[in-house]
Amino acid sequence: MNNQNVPPAPATPANTAHAANPLNPVNSQAVGVDASAAAGAYAGAGVGTTFTGASSGKQRIAVLGAGPMGLAVAYQLARDGHEPVIFEADDRIGGMTASFDFNGLHIERYYHFHCISDHAFLKVLDELGLADKMHWTETKMGYYYKGKVVPWGNPIALLKFPGLSLIAKFRYGLHAFLSTKRNDWKPLDNVEASGWIRRWVGKEAYEVLWRRLFEYKFYNYANNLSAAWIWSRIRRIGRSRYSLFREKLGYLDGGSNTLLEGMRADIESHGGVFRLKTPVTRVRMEDSVIKGVETPEGFEAFDKVISTIPLPLVSRVMPDLPPDVLAKFGSMHNIAVVCIIAKLRKPVSENFWLNINSPEMDIPGLVEYSNLRPMPHHIVYVPYYVPGEHPLYQEPDAHFIEKVKRYLKTINPDLVEEDFIDIKASRYRYAQPICEPGFPARLPDVALPVKGLWAADTSYYYPEDRGISESIDFGRKMARQAAA
């Protein structure tokens, strides 16, 4: 997207990541932010303590969670001479960046890509000697609207878009342009997002380009989101272009697993230890001092504990925290995701991002990953974001798979049943924090009121969305703070 046309795009898990959609970027798990924006985010995200440099003296520190943030914490601790022990309930590292065997193809369960602004991510690649594994590709975006795929993502496409009047296009483009140029998010922190957008772009553009994005990503939370949080997506997307009409995104040879295994090897080479399939059931504390952690294998003593598990899970493993802190953790809301990945013999379209506005489809978009990263077959991700307590999330995988197959064949009528080589569903209950107006004030401090205990997840680099690069940057800084 460019500074004059920042379009909504498909939902994305984790980046996570999270893409070209202001509401569903990836990667949510994958898009970076420049240093000045990150500094502002950390200062306003309830961190409460200045990040400092590493201390002397080796410490044995438990790290809860082996997603990108947990790995970054352990990576920094190990390199600073400490002994991190990483506890992960899953049978693999990576969290939402983890890969699986997709019928002979090793690929992420939830798609990820990278931008040229992913400074913390690129720095780690360089430190690991993996910079040559990074590749940059020019990508395209389209819009499926009124039964047709049309170009999207640049000023000409906006002008030619069939669903808006000229004045609506102007207002939409002006809002995107000014949001991209804006640097100060704090005046938007207590502003409700959907009303803020509607006032700027008008009812017409909101109905066509925004309403479904809010409704199909946030459901009952759609009308109580922070404008600063949504603005950060518009800004990030607008700054991802290297010219007015062209966008370049990146991928790693071997996908995210290349980074994950590189970090794992470096952590272990510096004395770190991984405990996979070993969930922490309780963090033990006495007289407001950390003692260690309990797992199904028993108690283990530690000097300090750093948690990177989703905030809604913190109260379960730290029930002895003060009641006011537990109440804050208990008030956090998250969106779940059911992500369908399809392996096809034919492409759906030529676009990496395909936005969707169709009354017959309950999705805001899809990602054709093979239009970014070369692969032997065509790979398409279709994420369904939905509150975990919603009845839709309780539906079996087959419910989502059958709908996705029908949608793909509708978008590209040349696709037939024989073109579907394989199709799978993955679920993640805590895929995306919900950031209401005034969100930073609701977050507990990273340094909890127990000596030797820290806790954070992707909520803490608000107003930025989930991202591998943001998680790495925040995790390394938190590690230095905790060890100081």
# chains A, B, ... in the order shown; residues from 1 in each chain; ligands from 1
call {"tool": "residues_around", "arguments": {"residues": "A:Trp454", "least_positions_apart": "5", "cutoff": "10 Å", "atoms": "only C-alpha atoms", "output": "list in words"}}
result
Val63, Lys304, Val305, Ile306, Ser307, Thr308, Asp445, Val446, Ala447, Leu448, Pro449, Met478, Ala479, Gln481 and Ala482 of chain A
call {"tool": "write_last_selection", "arguments": {"atoms": "C-alpha atoms", "output": "PDB file, in the first residue's frame"}}
result
ATOM      1  CA  VAL A  63      11.304 -18.586  30.638  1.00  0.00           C
ATOM      2  CA  LYS A 304      13.908 -15.405  38.415  1.00  0.00           C
ATOM      3  CA  VAL A 305      10.936 -16.199  36.169  1.00  0.00           C
ATOM      4  CA  ILE A 306       9.956 -14.441  32.931  1.00  0.00           C
ATOM      5  CA  SER A 307       6.571 -15.343  31.465  1.00  0.00           C
ATOM      6  CA  THR A 308       5.662 -14.778  27.801  1.00  0.00           C
ATOM      7  CA  ASP A 445       3.569  -3.584  34.846  1.00  0.00           C
ATOM      8  CA  VAL A 446       5.978  -6.015  33.192  1.00  0.00           C
ATOM      9  CA  ALA A 447       7.892  -6.176  36.487  1.00  0.00           C
ATOM     10  CA  LEU A 448       5.257  -7.717  38.766  1.00  0.00           C
ATOM     11  CA  PRO A 449       5.079  -6.933  42.507  1.00  0.00           C
ATOM     12  CA  MET A 478      12.765  -7.352  28.822  1.00  0.00           C
ATOM     13  CA  ALA A 479      15.531  -9.925  29.306  1.00  0.00           C
ATOM     14  CA  GLN A 481      15.739  -5.518  32.420  1.00  0.00           C
ATOM     15  CA  ALA A 482      14.996  -8.719  34.297  1.00  0.00           C
TER      16      ALA A 482
END
call {"tool": "residues_around", "arguments": {"residues": "A:Val85", "least_positions_apart": "4", "cutoff": "8 Å", "atoms": "only C-alpha atoms", "output": "JSON list (two decimals) with C-alpha atoms, in the first residue's frame"}}
result
[["chain", "number", "residue", "atom", "x", "y", "z"],
["A", 60, "ARG", "CA", 19.29, -19.28, 36.42],
["A", 61, "ILE", "CA", 16.07, -17.96, 34.91],
["A", 62, "ALA", "CA", 12.90, -19.79, 33.88],
["A", 63, "VAL", "CA", 11.30, -18.59, 30.64],
["A", 74, "ALA", "CA", 16.24, -16.72, 26.26],
["A", 272, "GLY", "CA", 20.30, -22.53, 27.57],
["A", 273, "VAL", "CA", 18.00, -25.53, 28.02],
["A", 274, "PHE", "CA", 14.65, -26.36, 26.38],
["A", 275, "ARG", "CA", 11.88, -28.32, 28.11]]
call {"tool": "closest_residue", "arguments": {"among": "A:Ala66, A:Ala168, A:Ala425, A:Val386", "to": "A:Ala98", "atoms": "only C-alpha atoms"}}
result
A:Ala66
call {"tool": "residues_around", "arguments": {"residues": "A:Pro376", "least_positions_apart": "5", "cutoff": "10 Å", "atoms": "only C-alpha atoms", "output": "PyMOL selection string"}}
result
chain A and resi 105+343-345+370
call {"tool": "select_by_dssp", "arguments": {"residues": "stretch 265-394 of chain A", "states": "strand (DSSP E or B)", "output": "PyMOL selection string"}}
result
chain A and resi 273-276+282-286+289-295+298-301+304-307+334-344+353-357+365-368+378-387
call {"tool": "write_last_selection", "arguments": {"atoms": "C-alpha atoms", "output": "mmCIF file, in the first residue's frame"}}
result
data_model
loop_
_atom_site.group_PDB
_atom_site.id
_atom_site.type_symbol
_atom_site.label_atom_id
_atom_site.label_comp_id
_atom_site.auth_asym_id
_atom_site.auth_seq_id
_atom_site.Cartn_x
_atom_site.Cartn_y
_atom_site.Cartn_z
ATOM 1 C CA VAL A 273 18.002 -25.533 28.017
ATOM 2 C CA PHE A 274 14.650 -26.364 26.378
ATOM 3 C CA ARG A 275 11.884 -28.319 28.111
ATOM 4 C CA LEU A 276 9.298 -29.089 25.437
ATOM 5 C CA ARG A 282 2.344 -22.968 38.932
ATOM 6 C CA VAL A 283 4.890 -20.268 39.601
ATOM 7 C CA ARG A 284 5.849 -20.618 43.226
ATOM 8 C CA MET A 285 6.372 -17.471 45.272
ATOM 9 C CA GLU A 286 6.747 -16.874 49.012
ATOM 10 C CA VAL A 289 9.770 -13.454 46.314
ATOM 11 C CA ILE A 290 10.121 -15.943 43.432
ATOM 12 C CA LYS A 291 11.139 -19.461 44.410
ATOM 13 C CA GLY A 292 10.747 -21.385 41.161
ATOM 14 C CA VAL A 293 8.208 -23.233 39.023
ATOM 15 C CA GLU A 294 6.129 -26.381 39.257
ATOM 16 C CA THR A 295 5.605 -28.697 36.276
ATOM 17 C CA GLY A 298 7.919 -31.551 40.026
ATOM 18 C CA PHE A 299 9.338 -28.335 41.499
ATOM 19 C CA GLU A 300 12.431 -26.600 40.150
ATOM 20 C CA ALA A 301 14.126 -23.624 41.819
ATOM 21 C CA LYS A 304 13.908 -15.405 38.415
ATOM 22 C CA VAL A 305 10.936 -16.199 36.169
ATOM 23 C CA ILE A 306 9.956 -14.441 32.931
ATOM 24 C CA SER A 307 6.571 -15.343 31.465
ATOM 25 C CA ASN A 334 -8.333 -12.346 23.207
ATOM 26 C CA ILE A 335 -9.570 -13.439 19.796
ATOM 27 C CA ALA A 336 -9.050 -17.034 18.650
ATOM 28 C CA VAL A 337 -8.263 -18.149 15.107
ATOM 29 C CA VAL A 338 -9.097 -21.138 12.954
ATOM 30 C CA CYS A 339 -6.680 -21.003 10.035
ATOM 31 C CA ILE A 340 -7.260 -23.121 6.951
ATOM 32 C CA ILE A 341 -4.282 -23.875 4.710
ATOM 33 C CA ALA A 342 -4.836 -25.371 1.265
ATOM 34 C CA LYS A 343 -2.363 -26.918 -1.161
ATOM 35 C CA LEU A 344 -3.573 -26.501 -4.742
ATOM 36 C CA TRP A 353 -3.304 -10.473 -0.563
ATOM 37 C CA LEU A 354 -6.862 -10.807 -1.725
ATOM 38 C CA ASN A 355 -9.430 -8.696 0.129
ATOM 39 C CA ILE A 356 -12.970 -10.047 0.062
ATOM 40 C CA ASN A 357 -16.287 -8.261 0.338
ATOM 41 C CA GLY A 365 -9.720 -11.986 2.831
ATOM 42 C CA LEU A 366 -7.102 -14.626 2.139
ATOM 43 C CA VAL A 367 -3.358 -14.891 1.602
ATOM 44 C CA GLU A 368 -1.875 -16.786 -1.337
ATOM 45 C CA HIS A 378 0.052 -23.148 -4.664
ATOM 46 C CA ILE A 379 -0.464 -22.450 -0.950
ATOM 47 C CA VAL A 380 -3.411 -20.450 0.360
ATOM 48 C CA TYR A 381 -4.166 -19.419 3.962
ATOM 49 C CA VAL A 382 -7.718 -18.494 4.973
ATOM 50 C CA PRO A 383 -7.958 -17.387 8.627
ATOM 51 C CA TYR A 384 -11.186 -17.181 10.594
ATOM 52 C CA TYR A 385 -10.775 -14.880 13.579
ATOM 53 C CA VAL A 386 -13.514 -15.389 16.141
ATOM 54 C CA PRO A 387 -13.872 -15.017 19.925
#
call {"tool": "residues_around", "arguments": {"residues": "A:Pro463", "least_positions_apart": "2", "cutoff": "7 Å", "atoms": "only C-alpha atoms", "output": "mmCIF file with C-alpha atoms, in the first residue's frame"}}
result
data_model
loop_
_atom_site.group_PDB
_atom_site.id
_atom_site.type_symbol
_atom_site.label_atom_id
_atom_site.label_comp_id
_atom_site.auth_asym_id
_atom_site.auth_seq_id
_atom_site.Cartn_x
_atom_site.Cartn_y
_atom_site.Cartn_z
ATOM 1 C CA ALA A 41 4.957 1.875 22.163
ATOM 2 C CA ALA A 228 -4.458 4.111 18.174
ATOM 3 C CA TRP A 229 -4.315 0.346 17.757
ATOM 4 C CA SER A 232 -0.801 1.674 13.833
ATOM 5 C CA TYR A 461 4.094 -3.336 22.448
ATOM 6 C CA ASP A 465 0.144 -5.395 16.380
#
